[in-house]
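J.: Sharing work.csv, CSV, C-alpha atoms:
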```csv
chain,number,residue,atom,x,y,z
A,652,MET,CA,-18.8,-29.2,26.4
A,653,LYS,CA,-15.5,-28.9,24.7
A,654,ILE,CA,-16.9,-26.5,22.1
A,655,LYS,CA,-18.5,-24.4,24.8
A,656,THR,CA,-15.3,-24.2,26.8
A,657,LYS,CA,-13.3,-23.2,23.7
A,658,SER,CA,-15.9,-20.6,22.9
A,659,LYS,CA,-15.6,-19.1,26.4
A,660,LYS,CA,-11.8,-19.1,26.0
A,661,VAL,CA,-12.1,-17.2,22.7
A,662,ASN,CA,-14.5,-14.7,24.1
A,663,LYS,CA,-12.4,-14.2,27.2
A,664,ALA,CA,-9.3,-13.7,25.0
A,665,TRP,CA,-11.1,-11.2,22.8
A,666,LEU,CA,-12.4,-9.3,25.8
A,667,ASN,CA,-8.9,-9.2,27.4
A,668,ASP,CA,-7.4,-7.9,24.1
A,669,HIS,CA,-10.2,-5.3,23.8
A,670,VAL,CA,-9.9,-4.1,27.4
A,671,ASN,CA,-6.1,-3.8,27.1
A,672,ASP,CA,-6.2,-2.2,23.6
A,673,PRO,CA,-4.3,1.1,23.8
A,674,TYR,CA,-6.7,2.6,21.2
A,675,VAL,CA,-9.8,1.6,23.3
A,676,LYS,CA,-8.3,3.3,26.3
A,677,GLN,CA,-7.3,6.4,24.2
A,678,ALA,CA,-10.9,6.6,22.8
A,679,ALA,CA,-12.3,6.6,26.3
A,680,ARG,CA,-9.9,9.4,27.3
A,681,ASP,CA,-10.6,11.4,24.2
A,682,GLY,CA,-14.4,11.0,24.3
A,683,TYR,CA,-14.7,8.9,21.1
A,684,ARG,CA,-17.4,6.3,20.9
A,685,ALA,CA,-15.1,3.7,19.3
A,686,ARG,CA,-11.4,3.2,18.6
A,687,ALA,CA,-12.3,3.5,14.8
A,688,ALA,CA,-11.9,7.3,15.2
A,689,TYR,CA,-8.1,6.8,15.1
A,690,LYS,CA,-8.3,5.0,11.7
A,691,LEU,CA,-9.8,8.0,10.1
A,692,LYS,CA,-7.6,10.4,12.1
A,693,GLU,CA,-4.4,8.7,10.7
A,694,ILE,CA,-5.7,8.7,7.1
A,695,ASP,CA,-6.7,12.3,7.4
A,696,GLU,CA,-3.4,13.4,9.0
A,697,THR,CA,-1.5,11.5,6.3
A,698,LEU,CA,-3.4,12.9,3.3
A,699,GLY,CA,-4.9,16.2,4.7
A,700,LEU,CA,-8.4,15.4,3.5
A,701,ILE,CA,-10.8,17.2,5.9
A,702,LYS,CA,-10.6,20.9,6.3
A,703,PRO,CA,-12.8,23.6,8.0
A,704,GLY,CA,-15.7,24.6,5.8
A,705,HIS,CA,-16.0,21.2,4.2
A,706,LEU,CA,-19.2,19.2,3.6
A,707,VAL,CA,-18.5,15.6,4.7
A,708,VAL,CA,-20.8,12.6,4.2
A,709,ASP,CA,-20.2,9.7,6.6
A,710,LEU,CA,-21.6,6.4,5.3
A,711,GLY,CA,-21.9,3.5,7.8
A,712,SER,CA,-21.5,6.0,10.6
A,713,THR,CA,-22.8,4.2,13.7
A,714,PRO,CA,-21.8,4.3,16.5
A,715,GLY,CA,-20.5,7.7,15.4
A,716,ALA,CA,-16.7,7.8,16.0
A,717,TRP,CA,-15.9,9.0,12.5
A,718,SER,CA,-18.6,11.7,12.7
A,719,GLN,CA,-17.1,12.8,16.0
A,720,TYR,CA,-13.7,13.1,14.5
A,721,VAL,CA,-14.9,15.0,11.5
A,722,ARG,CA,-16.9,17.3,13.8
A,723,ARG,CA,-13.8,18.2,15.8
A,724,ARG,CA,-11.9,18.8,12.5
A,725,LEU,CA,-14.6,21.3,11.4
A,726,SER,CA,-14.8,23.0,14.8
A,727,PRO,CA,-12.7,26.3,15.0
A,728,ALA,CA,-11.4,25.1,18.4
A,729,GLY,CA,-11.4,21.4,17.7
A,730,ALA,CA,-14.2,21.0,20.2
A,731,ALA,CA,-16.8,18.2,20.4
A,732,VAL,CA,-19.6,20.8,20.8
A,733,GLY,CA,-20.2,24.4,19.9
A,734,ALA,CA,-19.4,26.3,16.7
A,735,LEU,CA,-19.1,24.3,13.5
A,736,ASN,CA,-17.4,25.5,10.3
A,737,GLY,CA,-18.8,23.1,7.8
A,738,ALA,CA,-21.5,20.4,7.6
A,739,ILE,CA,-21.7,16.6,8.3
A,740,ILE,CA,-24.3,14.3,7.0
A,741,ALA,CA,-24.2,10.7,8.5
A,742,LEU,CA,-26.1,7.6,7.4
A,743,ASP,CA,-26.4,4.1,8.8
A,744,LEU,CA,-28.7,1.2,8.9
A,745,LEU,CA,-28.5,1.2,12.7
A,746,PRO,CA,-29.6,4.0,15.0
A,747,MET,CA,-26.9,6.5,16.2
A,748,GLU,CA,-26.9,8.6,19.3
A,749,PRO,CA,-27.1,12.3,18.3
A,750,ILE,CA,-23.9,14.3,17.7
A,751,GLU,CA,-24.2,18.0,17.9
A,752,GLY,CA,-24.1,19.5,14.4
A,753,VAL,CA,-24.4,16.2,12.6
A,754,VAL,CA,-27.5,15.4,10.4
A,755,PHE,CA,-28.2,11.7,10.8
A,756,ILE,CA,-30.3,9.5,8.4
A,757,GLN,CA,-31.2,6.0,9.5
A,758,GLY,CA,-31.6,3.6,6.6
A,759,ASP,CA,-30.1,1.1,4.2
A,760,PHE,CA,-27.7,2.9,1.7
A,761,ARG,CA,-28.5,0.1,-0.8
A,762,GLU,CA,-32.1,1.2,-1.1
A,763,ASP,CA,-33.1,3.9,-3.6
A,764,SER,CA,-35.5,5.6,-1.2
A,765,VAL,CA,-32.7,6.0,1.4
A,766,LEU,CA,-30.3,7.3,-1.2
A,767,ALA,CA,-32.9,9.8,-2.4
A,768,GLN,CA,-33.3,10.9,1.2
A,769,LEU,CA,-29.6,11.5,1.5
A,770,GLU,CA,-29.5,13.4,-1.7
A,771,SER,CA,-32.3,15.6,-0.6
A,772,VAL,CA,-30.3,16.5,2.5
A,773,VAL,CA,-27.2,17.2,0.4
A,774,GLN,CA,-29.4,19.7,-1.5
A,775,GLY,CA,-27.2,19.7,-4.5
A,776,ARG,CA,-24.2,21.1,-2.6
A,777,PRO,CA,-20.8,19.9,-3.8
A,778,VAL,CA,-19.4,17.3,-1.3
A,779,ASP,CA,-15.8,17.7,-0.3
A,780,VAL,CA,-15.2,14.3,1.3
A,781,VAL,CA,-17.1,11.0,1.5
A,782,VAL,CA,-16.0,8.6,4.2
A,783,SER,CA,-17.4,5.1,4.3
A,784,ASP,CA,-16.8,2.5,7.1
A,785,MET,CA,-19.7,0.4,5.7
A,786,ALA,CA,-19.2,-3.3,5.8
A,787,PRO,CA,-21.7,-6.1,5.2
A,788,ASN,CA,-22.5,-8.9,7.5
A,789,LEU,CA,-19.9,-11.5,6.5
A,790,SER,CA,-21.1,-15.1,5.8
A,791,GLY,CA,-17.7,-16.7,5.7
A,792,VAL,CA,-18.2,-17.7,2.1
A,793,GLU,CA,-15.4,-15.8,0.4
A,794,ASN,CA,-17.1,-15.2,-3.0
A,795,VAL,CA,-20.4,-14.1,-1.4
A,796,ASP,CA,-18.7,-11.8,1.0
A,797,ALA,CA,-16.5,-10.3,-1.7
A,798,ALA,CA,-19.6,-9.5,-3.8
A,799,ARG,CA,-21.3,-7.9,-0.9
A,800,ILE,CA,-18.2,-5.8,0.0
A,801,ALA,CA,-17.8,-4.8,-3.7
A,802,HIS,CA,-21.4,-3.7,-4.0
A,803,LEU,CA,-21.1,-1.3,-1.1
A,804,VAL,CA,-17.9,0.2,-2.4
A,805,GLU,CA,-19.4,0.5,-5.9
A,806,LEU,CA,-22.4,2.4,-4.4
A,807,ALA,CA,-20.1,4.7,-2.5
A,808,ILE,CA,-18.2,5.4,-5.7
A,809,GLU,CA,-21.4,6.1,-7.7
A,810,PHE,CA,-22.5,8.5,-5.0
A,811,SER,CA,-19.1,10.2,-5.1
A,812,GLN,CA,-19.1,10.5,-8.9
A,813,LYS,CA,-22.4,12.3,-8.7
A,814,HIS,CA,-21.8,14.5,-5.6
A,815,LEU,CA,-18.1,15.0,-5.0
A,816,LYS,CA,-16.2,18.2,-6.0
A,817,SER,CA,-13.8,17.4,-8.8
A,818,GLU,CA,-10.9,17.6,-6.3
A,819,GLY,CA,-12.9,15.8,-3.6
A,820,ALA,CA,-11.9,12.5,-1.8
A,821,LEU,CA,-13.5,9.2,-1.0
A,822,VAL,CA,-12.4,6.9,1.8
A,823,THR,CA,-13.8,3.4,1.9
A,824,LYS,CA,-13.1,0.3,3.9
A,825,VAL,CA,-12.2,-2.8,2.0
A,826,PHE,CA,-10.8,-6.3,2.8
A,827,HIS,CA,-7.9,-8.1,1.3
A,828,GLY,CA,-8.9,-11.2,-0.5
A,829,SER,CA,-11.2,-12.1,-3.4
A,830,GLY,CA,-12.2,-9.0,-5.3
A,831,TYR,CA,-9.6,-6.6,-3.8
A,832,THR,CA,-7.6,-6.2,-7.0
A,833,GLN,CA,-10.8,-5.4,-8.9
A,834,LEU,CA,-11.8,-2.7,-6.4
A,835,VAL,CA,-8.3,-1.1,-6.6
A,836,GLN,CA,-8.7,-1.0,-10.4
A,837,LEU,CA,-12.2,0.5,-10.0
A,838,PHE,CA,-10.7,3.3,-7.9
A,839,LYS,CA,-7.9,3.8,-10.4
A,840,ASP,CA,-10.5,4.1,-13.2
A,841,THR,CA,-12.4,6.7,-11.1
A,842,PHE,CA,-9.8,8.8,-9.3
A,843,ARG,CA,-6.6,10.6,-10.3
A,844,VAL,CA,-4.8,9.5,-7.1
A,845,VAL,CA,-5.4,6.3,-5.3
A,846,LYS,CA,-3.8,5.4,-1.9
A,847,PRO,CA,-4.3,2.2,0.1
A,848,ILE,CA,-3.7,2.7,3.8
A,849,LYS,CA,-3.9,0.2,6.7
A,850,PRO,CA,-3.9,2.5,9.8
A,851,LYS,CA,-1.8,1.5,12.8
A,852,SER,CA,-5.0,1.3,14.8
A,853,SER,CA,-6.4,-1.4,12.5
A,854,ARG,CA,-5.8,-4.7,14.3
A,855,ASP,CA,-3.1,-6.9,12.8
A,856,LYS,CA,-5.4,-9.9,12.6
A,857,SER,CA,-8.0,-7.9,10.6
A,858,SER,CA,-7.8,-8.1,6.8
A,859,GLU,CA,-9.4,-4.7,6.5
A,860,THR,CA,-7.6,-1.8,4.8
A,861,PHE,CA,-8.8,1.5,3.4
A,862,LEU,CA,-8.8,2.8,-0.2
A,863,ILE,CA,-8.6,6.5,-0.7
A,864,GLY,CA,-9.4,8.1,-4.0
A,865,ILE,CA,-8.6,11.8,-4.6
A,866,GLY,CA,-9.7,13.9,-7.5
A,867,LEU,CA,-12.4,12.6,-9.9
A,868,LYS,CA,-11.2,11.7,-13.4
A,869,LYS,CA,-14.6,12.8,-14.6
A,870,PRO,CA,-16.3,16.0,-13.3
A,871,ALA,CA,-19.1,15.6,-10.8
A,872,GLN,CA,-22.5,15.4,-12.6
A,873,ALA,CA,-25.3,17.9,-11.9
```
In structure tokens, how does this file's structure come out?

T.:
Amino acid sequence: MKIKTKSKKVNKAWLNDHVNDPYVKQAARDGYRARAAYKLKEIDETLGLIKPGHLVVDLGSTPGAWSQYVRRRLSPAGAAVGALNGAIIALDLLPMEPIEGVVFIQGDFREDSVLAQLESVVQGRPVDVVVSDMAPNLSGVENVDAARIAHLVELAIEFSQKHLKSEGALVTKVFHGSGYTQLVQLFKDTFRVVKPIKPKSSRDKSSETFLIGIGLKKPAQA
């Protein structure tokens, strides 16, 4: 019974924090599906990554808040619907409600067949920005989780090396802890400019941060 009571208290505390979260309230006002939109917004406003006319690939897109933000950045009027100056391709293991102008692929990015499907939609076009909010299901075993996180980041880097414009950018979610230093080094080996950013909208209790790489050291392959 004690465990049950404690669990209820924890759930109630989380729910209370969530309901009173200013970014949750702002997301509801702005029409975003999740508060995560403001993480990408802050990164983009800091570094000026996403511009009208761009082709943007959104990995780990569900529920769609990042794609919504990108869609507004590519809209001549900053609108959630209507004209779109650019293209957005989103991918996630989970289903995502449609967003006007966004091409969505449901599948596991770790599978070759899904990656091939994504590449067929890209159609050889140079990608301007890859954003990745992908995160594995965490087991609580640090070494195992670090390996799972690193694998997703490495796949995003491999995709970027193959498809990004030479001056393009990659944004990925990572976590402080085991393996973080190695991921930073991998970014430094791949990109000319590397910036770690923890957005204000990222909860203080969370170990998540974002690594941004700009400008490939090696030209994108054909």

J.: Can you pull out every residue within 6 Å of range 732-738 of chain A, counting all atoms listed in the file, but drop anything in the same chain fewer than 2 positions away, and send it as an MDAnalysis selection string?

T.: chainID A and resid 703:706 725:726 730

J.: Take the residues that were just selected and, keeping C-alpha atoms, output them as a compact mmCIF listing (two decimals), in the frame of the given file.

T.:
```txt
# COMPACT_ATOMS: atom_id res chain seq x y z
CA PRO A 703 -12.80 23.60 8.00
CA GLY A 704 -15.70 24.60 5.80
CA HIS A 705 -16.00 21.20 4.20
CA LEU A 706 -19.20 19.20 3.60
CA LEU A 725 -14.60 21.30 11.40
CA SER A 726 -14.80 23.00 14.80
CA ALA A 730 -14.20 21.00 20.20
```

J.: Skipping near chain neighbours, those fewer than 5 positions away, what residues fall within 9 Å of Ser712 in chain A using all atoms listed in the file, listed as JSON, numbers by chain?

T.: {"A": [717, 718, 741, 742, 743, 744, 745, 747, 755, 782, 783, 784, 785]}

J.: Between CA of Gln812 in chain A and CA of Val780 in chain A, measure the distance and give it in Å to one decimal.

T.: 11.6 Å

J.: Produce a table with one row for each residue of range 725-766 of chain A that has an atom at most 10 Å from any atom of range 798-811 of chain A, each row naming the nearest atom pair and its distance in Å at one decimal; use all atoms listed in the file; arrange rows by chain and rising residue number; format as a tab-separated table.

T.:
```
residue	atom	partner	partner_atom	distance
A:Phe760	CA	A:Leu806	CA	8.1
A:Arg761	CA	A:Leu806	CA	7.4
A:Leu766	CA	A:Phe810	CA	8.8
```

J.: Quote the spacing between CA of Gly715 in chain A and CA of Gly830 in chain A in Å to one decimal place.

T.: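 Taking CA of Gly715 in chain A as the start and CA of Gly830 in chain A as the end point, the length is 27.9 Å.
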
J.: With only C-alpha atoms as the basis for distance, which of A:Pro749, A:Gly711, A:Pro850, A:Gly828 is at the shortest distance from Lys690 in chain A?

T.: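 For Lys690 in chain A, the nearest of the given residues is A:Pro850.
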
J.: For the atom pair CA of Ala685 in chain A and CA of Pro673 in chain A, what is the interatomic distance in Å to one decimal place?

T.: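 We find that CA of Ala685 in chain A and CA of Pro673 in chain A lie 12.0 Å from each other.
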
J.: Which one is closest to Ala731 in chain A: A:Val773, A:His827, A:Gly682, A:Ala688? Count all atoms listed in the file.

T.: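 When distances to Ala731 in chain A are compared using all atoms listed in the file, the smallest one comes from A:Gly682.
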
J.: Pick from A:Ile750, A:Ala679, A:Val822, A:Ile848: nearest to Thr713 in chain A, with only C-alpha atoms counted?

T.: A:Ile750

J.: So which one's closest to Ala716 in chain A, A:Glu818, A:Asp681, A:Asp695, A:Asp672? Using all atoms listed in the file, please.

T.: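 Of the candidates, the smallest distance to Ala716 in chain A is held by A:Asp681.
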
J.: Return the single residue from A:Arg722, A:Ile865, A:Asp709, A:Tyr689 that is closest to Lys676 in chain A, with distances computed using only C-alpha atoms.

T.: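 Among A:Arg722, A:Ile865, A:Asp709, A:Tyr689, it is A:Tyr689 that comes nearest to Lys676 in chain A.
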
J.: Using all atoms listed in the file, which residue out of A:Gln757, A:Gln774, A:Asn788, A:Ser829 lies closest to Leu710 in chain A?

T.: A:Gln757

J.: If we count only C-alpha atoms, what is near Gly699 in chain A at a cut-off of 12 Å, once residues fewer than 3 positions away on the same chain are taken out, given as an MDAnalysis selection string?

T.: chainID A and resid 691:696 702:703 724 780 819:820 863 865
